[in-house]
$ cat input_4.tsv   # TSV, C-alpha atoms and all ligand atoms
chain	number	residue	atom	x	y	z
A	590	MET	CA	44.97	-126.62	-0.46
A	591	SER	CA	45.55	-125.56	-4.03
A	592	GLU	CA	44.24	-122.23	-5.28
A	593	THR	CA	42.11	-123.96	-7.91
A	594	ARG	CA	40.15	-125.95	-5.32
A	595	ARG	CA	39.29	-122.96	-3.16
A	596	ARG	CA	35.60	-122.17	-3.59
A	597	GLY	CA	34.58	-118.53	-3.91
A	598	ILE	CA	32.17	-116.65	-1.69
A	599	ALA	CA	29.23	-116.87	-4.08
A	600	GLU	CA	29.65	-120.61	-4.44
A	601	ARG	CA	29.91	-121.10	-0.68
A	602	LEU	CA	26.76	-119.06	-0.08
A	603	ARG	CA	24.96	-121.09	-2.69
A	604	ASP	CA	26.01	-124.35	-1.04
A	605	GLY	CA	25.29	-123.39	2.57
A	606	THR	CA	26.12	-121.07	5.41
A	607	VAL	CA	29.32	-119.02	5.58
A	608	LEU	CA	30.69	-118.36	9.07
A	609	GLY	CA	32.41	-115.03	9.59
A	610	ALA	CA	34.39	-113.74	12.56
A	611	GLU	CA	35.34	-110.16	13.25
A	612	GLY	CA	35.95	-108.04	16.30
A	613	TYR	CA	39.71	-107.99	15.75
A	614	VAL	CA	40.04	-104.40	16.93
A	615	PHE	CA	38.25	-104.97	20.25
A	616	GLU	CA	40.07	-108.22	20.93
A	617	LEU	CA	43.52	-106.81	20.15
A	618	GLU	CA	42.75	-103.75	22.29
A	619	ARG	CA	41.99	-106.08	25.20
A	620	ARG	CA	45.27	-107.86	24.55
A	621	GLY	CA	47.18	-104.57	24.73
A	622	TYR	CA	48.03	-104.02	21.07
A	623	ILE	CA	45.53	-101.35	20.00
A	624	LYS	CA	44.74	-98.07	21.72
A	625	ALA	CA	41.09	-97.54	22.71
A	626	GLY	CA	39.80	-94.22	21.50
A	627	PRO	CA	41.40	-93.92	18.06
A	628	TYR	CA	41.21	-97.72	17.56
A	629	VAL	CA	43.66	-97.67	14.64
A	630	PRO	CA	45.12	-101.15	13.92
A	631	GLU	CA	48.76	-100.09	14.37
A	632	VAL	CA	49.33	-103.67	15.55
A	633	VAL	CA	49.47	-104.71	11.88
A	634	LEU	CA	52.88	-103.03	11.54
A	635	ASP	CA	54.01	-102.98	15.17
A	636	PHE	CA	53.18	-106.56	16.24
A	637	PRO	CA	52.16	-108.53	13.12
A	638	GLY	CA	52.53	-111.83	14.96
A	639	ALA	CA	49.65	-110.87	17.26
A	640	VAL	CA	47.39	-110.37	14.25
A	641	THR	CA	48.46	-113.66	12.71
A	642	GLU	CA	47.70	-115.48	15.95
A	643	LEU	CA	44.19	-114.05	16.25
A	644	HIS	CA	43.44	-114.92	12.61
A	645	ARG	CA	44.65	-118.43	13.36
A	646	GLU	CA	42.44	-118.69	16.44
A	647	PHE	CA	39.35	-117.67	14.47
A	648	LEU	CA	40.35	-120.07	11.67
A	649	ARG	CA	40.65	-122.97	14.10
A	650	ALA	CA	37.31	-121.98	15.61
A	651	GLY	CA	35.68	-122.44	12.21
A	652	ALA	CA	35.67	-119.04	10.52
A	653	ASP	CA	35.41	-119.31	6.73
A	654	VAL	CA	36.70	-115.80	6.12
A	655	MET	CA	39.87	-114.07	7.26
A	656	VAL	CA	39.05	-110.37	7.25
A	657	ALA	CA	42.12	-108.21	6.63
A	658	LEU	CA	42.60	-105.92	9.60
A	659	THR	CA	42.18	-102.66	7.73
A	660	TYR	CA	39.27	-101.44	9.83
A	661	TYR	CA	40.09	-97.79	10.59
A	662	ALA	CA	43.28	-98.09	8.53
A	663	HIS	CA	42.09	-95.31	6.25
A	664	ARG	CA	43.68	-91.94	5.54
A	665	GLU	CA	41.41	-89.97	7.87
A	666	LYS	CA	42.20	-92.12	10.91
A	667	LEU	CA	45.92	-92.40	10.25
A	668	ARG	CA	46.09	-88.64	9.94
A	669	VAL	CA	44.49	-88.35	13.40
A	670	ILE	CA	47.26	-90.44	15.01
A	671	GLY	CA	50.07	-88.96	12.90
A	672	ARG	CA	50.87	-92.13	10.91
A	673	GLU	CA	49.64	-91.16	7.46
A	674	ALA	CA	53.04	-92.15	6.07
A	675	ASP	CA	52.33	-95.73	7.13
A	676	LEU	CA	48.98	-95.90	5.33
A	677	GLU	CA	50.00	-98.02	2.35
A	678	ALA	CA	52.31	-100.31	4.31
A	679	MET	CA	49.63	-100.94	6.95
A	680	ASN	CA	46.98	-101.81	4.36
A	681	ARG	CA	49.24	-104.07	2.32
A	682	GLN	CA	50.62	-105.86	5.36
A	683	ALA	CA	47.13	-106.48	6.77
A	684	VAL	CA	46.07	-108.28	3.60
A	685	ARG	CA	49.30	-110.28	3.46
A	686	ILE	CA	48.81	-111.44	7.05
A	687	ALA	CA	45.19	-112.41	6.41
A	688	ARG	CA	46.15	-114.27	3.22
A	689	ALA	CA	48.87	-116.27	4.94
A	690	ALA	CA	46.47	-117.26	7.73
A	691	ALA	CA	43.72	-118.18	5.27
A	692	ARG	CA	46.12	-120.49	3.44
A	693	GLU	CA	46.61	-122.45	6.66
A	694	GLY	CA	43.04	-123.67	6.10
A	695	ASP	CA	40.32	-123.30	3.51
A	696	ALA	CA	39.32	-119.74	4.32
A	697	LEU	CA	38.75	-116.83	1.97
A	698	VAL	CA	40.38	-113.42	2.34
A	699	ALA	CA	38.19	-110.35	2.61
A	700	GLY	CA	39.39	-106.82	2.07
A	701	ASN	CA	37.75	-104.43	4.49
A	702	VAL	CA	36.61	-100.82	4.38
A	703	CYS	CA	34.51	-99.16	7.03
A	704	ASN	CA	32.92	-96.00	8.33
A	705	THR	CA	35.25	-93.06	7.70
A	706	TRP	CA	33.72	-90.34	9.90
A	707	ALA	CA	34.41	-88.11	6.90
A	708	TYR	CA	31.03	-88.66	5.24
A	709	ASP	CA	28.25	-86.12	5.59
A	710	PRO	CA	25.05	-87.04	3.74
A	711	ASP	CA	24.21	-83.36	3.49
A	712	ASP	CA	27.54	-82.38	1.93
A	713	ALA	CA	28.13	-83.88	-1.52
A	714	SER	CA	31.82	-82.94	-1.51
A	715	THR	CA	32.50	-85.44	1.28
A	716	ALA	CA	31.50	-88.33	-0.97
A	717	ALA	CA	34.56	-87.70	-3.14
A	718	ALA	CA	36.87	-87.80	-0.11
A	719	VAL	CA	35.36	-91.09	1.05
A	720	ARG	CA	35.56	-92.53	-2.45
A	721	ALA	CA	39.25	-91.62	-2.65
A	722	MET	CA	39.97	-93.28	0.68
A	723	TYR	CA	38.15	-96.47	-0.28
A	724	ALA	CA	39.80	-96.50	-3.71
A	725	GLU	CA	43.33	-96.37	-2.37
A	726	GLN	CA	42.64	-98.97	0.34
A	727	LEU	CA	40.93	-101.39	-2.01
A	728	GLY	CA	43.51	-100.80	-4.73
A	729	TRP	CA	46.29	-101.98	-2.43
A	730	ALA	CA	44.12	-104.83	-1.16
A	731	ALA	CA	43.36	-106.02	-4.69
A	732	GLU	CA	47.06	-105.96	-5.58
A	733	GLU	CA	47.91	-108.06	-2.52
A	734	GLY	CA	45.13	-110.53	-3.34
A	735	ILE	CA	41.65	-110.66	-1.83
A	736	ASP	CA	38.65	-112.82	-2.65
A	737	PHE	CA	35.96	-110.24	-1.91
A	738	VAL	CA	35.38	-107.00	-0.04
A	739	ILE	CA	33.43	-106.32	3.15
A	740	SER	CA	32.24	-102.77	3.57
A	741	GLU	CA	31.05	-102.54	7.14
A	742	THR	CA	29.72	-100.43	9.94
A	743	ASN	CA	28.48	-97.84	7.47
A	744	ASP	CA	25.82	-96.59	9.84
A	745	TYR	CA	25.66	-92.86	9.39
A	746	LEU	CA	21.93	-93.17	8.84
A	747	GLY	CA	21.53	-93.63	12.55
A	748	GLU	CA	19.98	-96.36	14.60
A	749	ALA	CA	16.58	-94.71	14.61
A	750	LEU	CA	16.21	-94.86	10.84
A	751	ILE	CA	15.49	-98.55	10.72
A	752	ALA	CA	13.35	-98.38	7.64
A	753	LEU	CA	16.11	-96.54	5.82
A	754	GLU	CA	18.69	-99.08	6.85
A	755	VAL	CA	16.58	-101.83	5.34
A	756	LYS	CA	16.01	-99.72	2.26
A	757	ALA	CA	19.75	-99.13	2.07
A	758	CYS	CA	20.33	-102.89	2.00
A	759	ARG	CA	17.88	-103.25	-0.84
A	760	ILE	CA	19.64	-100.48	-2.78
A	761	LEU	CA	23.03	-102.10	-2.21
A	762	ALA	CA	21.68	-105.44	-3.42
A	763	ASP	CA	20.23	-103.78	-6.50
A	764	GLN	CA	23.62	-102.16	-7.15
A	765	GLY	CA	25.26	-105.56	-7.36
A	766	ALA	CA	26.45	-106.34	-3.84
A	767	THR	CA	26.80	-110.12	-3.47
A	768	ILE	CA	25.74	-110.03	0.18
A	769	VAL	CA	24.05	-107.32	2.20
A	770	GLY	CA	23.27	-107.20	5.88
A	771	LEU	CA	24.02	-105.82	9.29
A	772	ASN	CA	27.07	-105.86	11.49
A	773	CYS	CA	28.17	-104.39	14.80
A	774	ASP	CA	26.37	-102.16	17.31
A	775	ARG	CA	23.48	-104.53	18.01
A	776	GLY	CA	23.61	-107.73	20.02
A	777	PRO	CA	21.94	-110.94	18.86
A	778	GLN	CA	18.51	-110.21	20.26
A	779	SER	CA	18.05	-106.70	18.89
A	780	MET	CA	19.67	-107.57	15.57
A	781	LEU	CA	17.44	-110.51	14.78
A	782	SER	CA	14.29	-108.41	14.51
A	783	LEU	CA	16.00	-106.09	12.03
A	784	ILE	CA	17.57	-108.83	10.01
A	785	ARG	CA	14.15	-110.35	9.45
A	786	ALA	CA	13.16	-107.14	7.67
A	787	VAL	CA	16.35	-107.16	5.61
A	788	ARG	CA	15.75	-110.79	4.67
A	789	ASP	CA	12.28	-109.86	3.46
A	790	ALA	CA	13.54	-106.84	1.52
A	791	VAL	CA	16.23	-108.49	-0.62
A	792	ASP	CA	16.43	-111.57	-2.81
A	793	GLY	CA	20.12	-112.45	-2.44
A	794	PRO	CA	22.28	-113.63	0.47
A	795	VAL	CA	21.98	-111.77	3.78
A	796	ALA	CA	24.68	-111.34	6.44
A	797	ALA	CA	24.29	-110.84	10.18
A	798	GLN	CA	27.24	-110.19	12.47
A	799	PRO	CA	26.08	-108.93	15.87
A	800	VAL	CA	28.22	-107.94	18.83
A	801	PRO	CA	28.13	-110.47	21.69
A	802	TYR	CA	26.40	-108.16	24.16
A	803	ARG	CA	22.93	-108.38	25.69
A	804	THR	CA	21.17	-105.54	23.96
A	805	ASP	CA	17.38	-105.53	23.94
A	806	ALA	CA	14.41	-103.43	22.84
A	807	ASP	CA	15.11	-100.76	25.46
A	808	PHE	CA	18.86	-100.65	24.86
A	809	PRO	CA	19.19	-101.84	21.25
A	810	THR	CA	22.88	-101.07	20.74
A	811	MET	CA	26.03	-101.67	22.78
A	812	GLN	CA	26.59	-97.93	22.81
A	813	SER	CA	23.28	-97.43	24.63
A	814	LEU	CA	23.95	-100.00	27.38
A	815	LYS	CA	24.21	-98.59	30.88
A	816	SER	CA	24.71	-100.09	34.31
A	817	ALA	CA	22.83	-99.22	37.49
A	818	THR	CA	25.55	-96.81	38.48
A	819	VAL	CA	27.27	-95.72	35.28
A	820	GLU	CA	25.57	-93.88	32.46
A	821	ARG	CA	27.97	-95.03	29.72
A	822	ILE	CA	29.83	-98.31	29.82
A	823	PHE	CA	30.75	-98.42	26.10
A	824	PRO	CA	33.37	-99.38	25.08
A	825	LEU	CA	35.56	-100.30	28.04
A	826	ALA	CA	33.25	-101.80	30.68
A	827	MET	CA	30.78	-103.96	28.77
A	828	GLU	CA	31.85	-107.32	30.18
A	829	PRO	CA	28.85	-107.61	32.56
A	830	PHE	CA	26.62	-107.58	29.47
A	831	GLY	CA	28.63	-110.13	27.54
A	832	CYS	CA	26.90	-113.03	25.80
A	833	THR	CA	27.95	-116.55	26.64
A	834	ARG	CA	29.08	-118.92	23.92
A	835	PHE	CA	25.68	-120.63	24.27
A	836	GLU	CA	23.81	-117.45	23.49
A	837	MET	CA	25.90	-116.90	20.37
A	838	ALA	CA	25.31	-120.51	19.36
A	839	GLY	CA	21.59	-119.84	19.79
A	840	PHE	CA	21.90	-116.79	17.60
A	841	ALA	CA	23.68	-118.76	14.88
A	842	ARG	CA	20.85	-121.27	14.74
A	843	ALA	CA	18.15	-118.64	14.86
A	844	ALA	CA	19.81	-116.67	12.07
A	845	GLN	CA	20.14	-119.79	9.96
A	846	ASP	CA	16.47	-120.56	10.52
A	847	LEU	CA	15.66	-117.06	9.27
A	848	GLY	CA	17.56	-117.73	6.06
A	849	VAL	CA	20.70	-115.74	6.88
A	850	SER	CA	23.58	-117.36	5.00
A	851	TYR	CA	26.55	-115.29	6.22
A	852	ILE	CA	26.56	-115.58	10.00
A	853	GLY	CA	29.26	-114.05	12.16
A	854	ILE	CA	30.20	-111.94	15.12
A	855	CYS	CA	31.60	-108.47	15.57
A	856	CYS	CA	33.24	-106.37	18.30
A	857	GLY	CA	33.69	-108.34	21.50
A	858	GLY	CA	33.68	-111.72	19.80
A	859	GLY	CA	36.24	-114.32	20.79
A	860	PRO	CA	37.27	-117.68	19.35
A	861	HIS	CA	35.14	-119.51	21.94
A	862	HIS	CA	32.04	-117.78	20.56
A	863	VAL	CA	33.00	-118.65	16.98
A	864	ARG	CA	33.62	-122.31	17.77
A	865	ALA	CA	30.27	-122.60	19.56
A	866	MET	CA	28.56	-120.98	16.58
A	867	ALA	CA	30.31	-123.34	14.16
A	868	GLU	CA	29.25	-126.34	16.20
A	869	ALA	CA	25.70	-125.01	16.47
A	870	LEU	CA	25.68	-124.99	12.67
A	871	GLY	CA	26.61	-128.64	12.73
A	872	ARG	CA	30.32	-128.38	12.06
A	873	GLN	CA	33.35	-129.99	13.58
A	874	VAL	CA	36.26	-127.54	13.41
A	875	PRO	CA	39.93	-127.87	14.37
A	876	ALA	CA	39.35	-126.32	17.80
A	877	SER	CA	36.52	-128.82	18.43
A	878	LYS	CA	39.27	-131.17	19.53
A	879	TYR	CA	39.33	-129.16	22.74
A	880	SER	CA	35.61	-128.47	23.08
A	881	PRO	CA	34.24	-128.96	26.61
A	882	SER	CA	34.02	-132.40	28.19
A	883	MET	CA	32.56	-131.35	31.50
A	884	GLU	CA	31.80	-134.96	32.43
A	885	LEU	CA	35.55	-135.26	33.04
A	886	HIS	CA	35.66	-132.39	35.53
A	887	PRO	CA	36.36	-133.71	39.04
A	888	MET	CA	33.84	-131.41	40.76
A	889	PHE	CA	31.51	-129.83	38.21
A	890	ARG	CA	30.56	-132.83	36.10
A	891	ASP	CA	26.97	-131.70	36.00
A	892	GLY	CA	27.95	-128.28	34.65
A	893	ILE	CA	26.68	-126.85	31.42
A	894	THR	CA	28.08	-128.50	28.34
A	895	ALA	CA	27.79	-127.81	24.66
A	896	LYS	CA	25.37	-130.71	24.50
A	897	ASP	CA	23.11	-129.09	27.11
A	898	SER	CA	20.34	-127.34	25.25
A	899	THR	CA	18.84	-125.58	28.30
A	900	PHE	CA	20.62	-122.30	27.58
A	901	LEU	CA	19.73	-122.37	23.92
A	902	ASP	CA	16.09	-123.19	24.52
A	903	ALA	CA	15.70	-120.45	27.12
A	904	TRP	CA	17.38	-117.94	24.90
A	905	ASN	CA	15.47	-118.87	21.79
A	906	ALA	CA	12.21	-118.63	23.74
A	907	ARG	CA	12.95	-114.94	24.37
A	908	LEU	CA	13.35	-114.10	20.70
B	1001	ZN	ZN	31.98	-104.26	15.41
$ encode --input "input_4.tsv" --output "C-alpha cells"
Amino acid sequence: MSETRRRGIAERLRDGTVLGAEGYVFELERRGYIKAGPYVPEVVLDFPGAVTELHREFLRAGADVMVALTYYAHREKLRVIGREADLEAMNRQAVRIARAAAREGDALVAGNVCNTWAYDPDDASTAAAVRAMYAEQLGWAAEEGIDFVISETNDYLGEALIALEVKACRILADQGATIVGLNCDRGPQSMLSLIRAVRDAVDGPVAAQPVPYRTDADFPTMQSLKSATVERIFPLAMEPFGCTRFEMAGFARAAQDLGVSYIGICCGGGPHHVRAMAEALGRQVPASKYSPSMELHPMFRDGITAKDSTFLDAWNARL
C-alpha cells in the first residue's frame, strides 16, 4: 500500500468506525517478556520480535491502528528500573516496530504517552516535568514517523470524579484534540454508562477502549474487583472475571450504537477479542479465515458460534 493512499485518522473517523487494540503490556507480561510491577516495555529492546508478532496478531484481527509500545517508556519509569540510558533507543525502536507492522496492512501508527505518576495537580512544578517527558518521547516518535498521538490512562482525577472526567474530555476537545474518550480501568459494562456522558458532552469523535473484565456498578474498575476469598486480584489473578469474545463483540456494537467512532480494547485484550469486535462491526479481517466453524467439531457441533446471538442478546439486555 503506497503512502499516498493511506487515509488519515480524521478521514477514517469521518467515514466510519476505527477499531483500536491495546493491552500490549498485559499481554506481553503474560507471555513472559515484561515484568509485572514496574511494567516497563523492556521487550522493545530485549525481544523486538515478540512485539512485532503481537502487532501482527492485532493487525490480522482487524485493528486499524498500531500503537507504538511506549506505554511507561518515559524517563520516570526507566529511572525506576535503572535503564534511563535506554530511553531514546526504546522509544525510537517502539515506533519503528509499530511502523513496520502497520505497513504489512493498512493500519496507522500512533505514538503513545501515558500517565507518568509524576504529576500532582496541587503542585504546579510537576507539570513542567511531565511536559518535558512527553516532549522528548513525542519528539523521537515524530522523527521516526507517526500518524497521530494517543495520550492515555491519564486518570489522576480519580474514578470518583466522574463529572470532572467528562468535563476533562470536553476541555481536551476544545483544545483541539481530534478524538477524546476513555480507556483502561473499566470493563465494557461500567464504561458504557460513562461514555454516554462523554458522547453528550463533546461534538467530535469519541473513543472507548475498555478492559475485557466484568466490572459493574459495585466494582466499576478492574482494580476494585475482588474474589470471594481474596481482597485484591488486580493485576495478576483477574482471569475468572475475563470477558468472552462475545461480550466484547457486544460492547463493540453497543458502543457503535451510542455513536462512539473509535472502538477498542485495553489491558487484558487479546487478538480473539479484537477479531470478534471487528466482525461484530461487520468486517471480514485476515484472521476471519480461521474464525470458528463449530459445525465441523466432531462432538460440540451445537456449541456457541460467532453466528449465535444468544450471548450478545443476553449481554446487551443487561446494559
Ligand atoms: Zn489498559
$ residues_near_ligand --input "input_4.tsv" --ligand "ligand ZN 1001 (chain B)" --cutoff "7 Å" --atoms "only C-alpha atoms and all ligand atoms" --output "ChimeraX atom specification"
/A:612,772-774,800,855-856
$ closest_residue --input "input_4.tsv" --among "A:Trp729, A:Phe808, A:Tyr613, A:Tyr660" --to "A:Glu741" --atoms "all atoms listed in the file"
A:Tyr660
$ closest_residue --input "input_4.tsv" --among "A:Val719, A:Ala730, A:Leu676, A:Leu648" --to "A:Ala690" --atoms "only C-alpha atoms"
A:Leu648
$ atom_distance --input "input_4.tsv" --atom1 "atom CA of A:Pro809" --atom2 "atom CA of A:Leu781"
11.0 Å
$ atom_distance --input "input_4.tsv" --atom1 "atom CA of A:Val863" --atom2 "atom CA of A:Gly651"
6.7 Å
$ residues_around --input "input_4.tsv" --residues "A:Ala844" --least-positions-apart "5" --cutoff "9 Å" --atoms "all atoms listed in the file" --output "PyMOL selection string"
chain A and resi 781+784-785+797+839+849-850+852
$ residues_around --input "input_4.tsv" --residues "A:Thr705" --least-positions-apart "2" --cutoff "8 Å" --atoms "all atoms listed in the file" --output "list in words"
Tyr661, His663, Glu665, Lys666, Cys703, Ala707, Tyr708 and Val719 of chain A
$ atom_distance --input "input_4.tsv" --atom1 "atom CA of A:Ala796" --atom2 "atom CA of A:Ala687"
20.5 Å
$ closest_residue --input "input_4.tsv" --among "A:Arg775, A:Arg681, A:Arg821, A:Arg788" --to "A:Glu733" --atoms "only C-alpha atoms"
A:Arg681
$ closest_residue --input "input_4.tsv" --among "A:Thr606, A:Gln764, A:Thr742, A:Ser816" --to "A:Gly848" --atoms "only C-alpha atoms"
A:Thr606
$ closest_residue --input "input_4.tsv" --among "A:Leu870, A:Ala674, A:Ala806, A:Val607" --to "A:Asp695" --atoms "only C-alpha atoms"
A:Val607
$ axis_aligned_box --input "input_4.tsv" --around "stretch 810-827 of chain A" --padding-each-side "3 Å" --output "JSON"
{"center_x": 29.2, "center_y": -98.9, "center_z": 29.6, "size_x": 18.7, "size_y": 16.1, "size_z": 23.7}
$ closest_residue --input "input_4.tsv" --among "A:Val738, A:Ala683, A:Arg595, A:Val656" --to "A:Phe636" --atoms "all atoms listed in the file"
A:Ala683
$ residues_around --input "input_4.tsv" --residues "stretch 626-634 of chain A" --least-positions-apart "4" --cutoff "8 Å" --atoms "only C-alpha atoms" --output "JSON, numbers by chain"
{"A": [614, 618, 622, 639, 640, 658, 659, 660, 661, 662, 666, 667, 669, 670, 678, 679, 682, 683]}
$ build_atoms --input "input_4.tsv" --residues "stretch 660-678 of chain A" --atoms "N, CA and C atoms" --output "JSON list (two decimals), keeping the file's coordinate frame"
[["chain", "number", "residue", "atom", "x", "y", "z"],
["A", 660, "TYR", "N", 40.31, -102.28, 9.22],
["A", 660, "TYR", "CA", 39.27, -101.44, 9.83],
["A", 660, "TYR", "C", 39.95, -100.23, 10.47],
["A", 661, "TYR", "N", 39.51, -99.06, 10.10],
["A", 661, "TYR", "CA", 40.09, -97.79, 10.59],
["A", 661, "TYR", "C", 41.53, -97.57, 10.12],
["A", 662, "ALA", "N", 41.96, -98.35, 9.12],
["A", 662, "ALA", "CA", 43.28, -98.09, 8.53],
["A", 662, "ALA", "C", 43.10, -97.24, 7.28],
["A", 663, "HIS", "N", 42.28, -96.21, 7.39],
["A", 663, "HIS", "CA", 42.09, -95.31, 6.25],
["A", 663, "HIS", "C", 42.76, -93.96, 6.53],
["A", 664, "ARG", "N", 42.88, -93.16, 5.48],
["A", 664, "ARG", "CA", 43.68, -91.94, 5.54],
["A", 664, "ARG", "C", 43.24, -91.00, 6.67],
["A", 665, "GLU", "N", 41.92, -90.88, 6.84],
["A", 665, "GLU", "CA", 41.41, -89.97, 7.87],
["A", 665, "GLU", "C", 41.90, -90.37, 9.27],
["A", 666, "LYS", "N", 41.82, -91.64, 9.57],
["A", 666, "LYS", "CA", 42.20, -92.12, 10.91],
["A", 666, "LYS", "C", 43.71, -92.06, 11.12],
["A", 667, "LEU", "N", 44.47, -92.43, 10.06],
["A", 667, "LEU", "CA", 45.92, -92.40, 10.25],
["A", 667, "LEU", "C", 46.44, -90.97, 10.39],
["A", 668, "ARG", "N", 45.74, -90.05, 9.77],
["A", 668, "ARG", "CA", 46.09, -88.64, 9.94],
["A", 668, "ARG", "C", 45.89, -88.23, 11.41],
["A", 669, "VAL", "N", 44.81, -88.70, 12.01],
["A", 669, "VAL", "CA", 44.49, -88.35, 13.40],
["A", 669, "VAL", "C", 45.61, -88.78, 14.35],
["A", 670, "ILE", "N", 46.21, -89.95, 14.10],
["A", 670, "ILE", "CA", 47.26, -90.44, 15.01],
["A", 670, "ILE", "C", 48.65, -90.13, 14.48],
["A", 671, "GLY", "N", 48.75, -89.37, 13.40],
["A", 671, "GLY", "CA", 50.07, -88.96, 12.90],
["A", 671, "GLY", "C", 50.85, -90.06, 12.20],
["A", 672, "ARG", "N", 50.15, -91.05, 11.61],
["A", 672, "ARG", "CA", 50.87, -92.13, 10.91],
["A", 672, "ARG", "C", 50.44, -92.24, 9.45],
["A", 673, "GLU", "N", 50.10, -91.12, 8.85],
["A", 673, "GLU", "CA", 49.64, -91.16, 7.46],
["A", 673, "GLU", "C", 50.69, -91.77, 6.54],
["A", 674, "ALA", "N", 51.96, -91.60, 6.90],
["A", 674, "ALA", "CA", 53.04, -92.15, 6.07],
["A", 674, "ALA", "C", 53.02, -93.68, 6.06],
["A", 675, "ASP", "N", 52.38, -94.27, 7.04],
["A", 675, "ASP", "CA", 52.33, -95.73, 7.13],
["A", 675, "ASP", "C", 51.09, -96.32, 6.47],
["A", 676, "LEU", "N", 50.28, -95.48, 5.86],
["A", 676, "LEU", "CA", 48.98, -95.90, 5.33],
["A", 676, "LEU", "C", 49.08, -97.10, 4.38],
["A", 677, "GLU", "N", 49.90, -96.96, 3.35],
["A", 677, "GLU", "CA", 50.00, -98.02, 2.35],
["A", 677, "GLU", "C", 50.59, -99.29, 2.95],
["A", 678, "ALA", "N", 51.67, -99.14, 3.72],
["A", 678, "ALA", "CA", 52.31, -100.31, 4.31],
["A", 678, "ALA", "C", 51.35, -101.06, 5.23]]
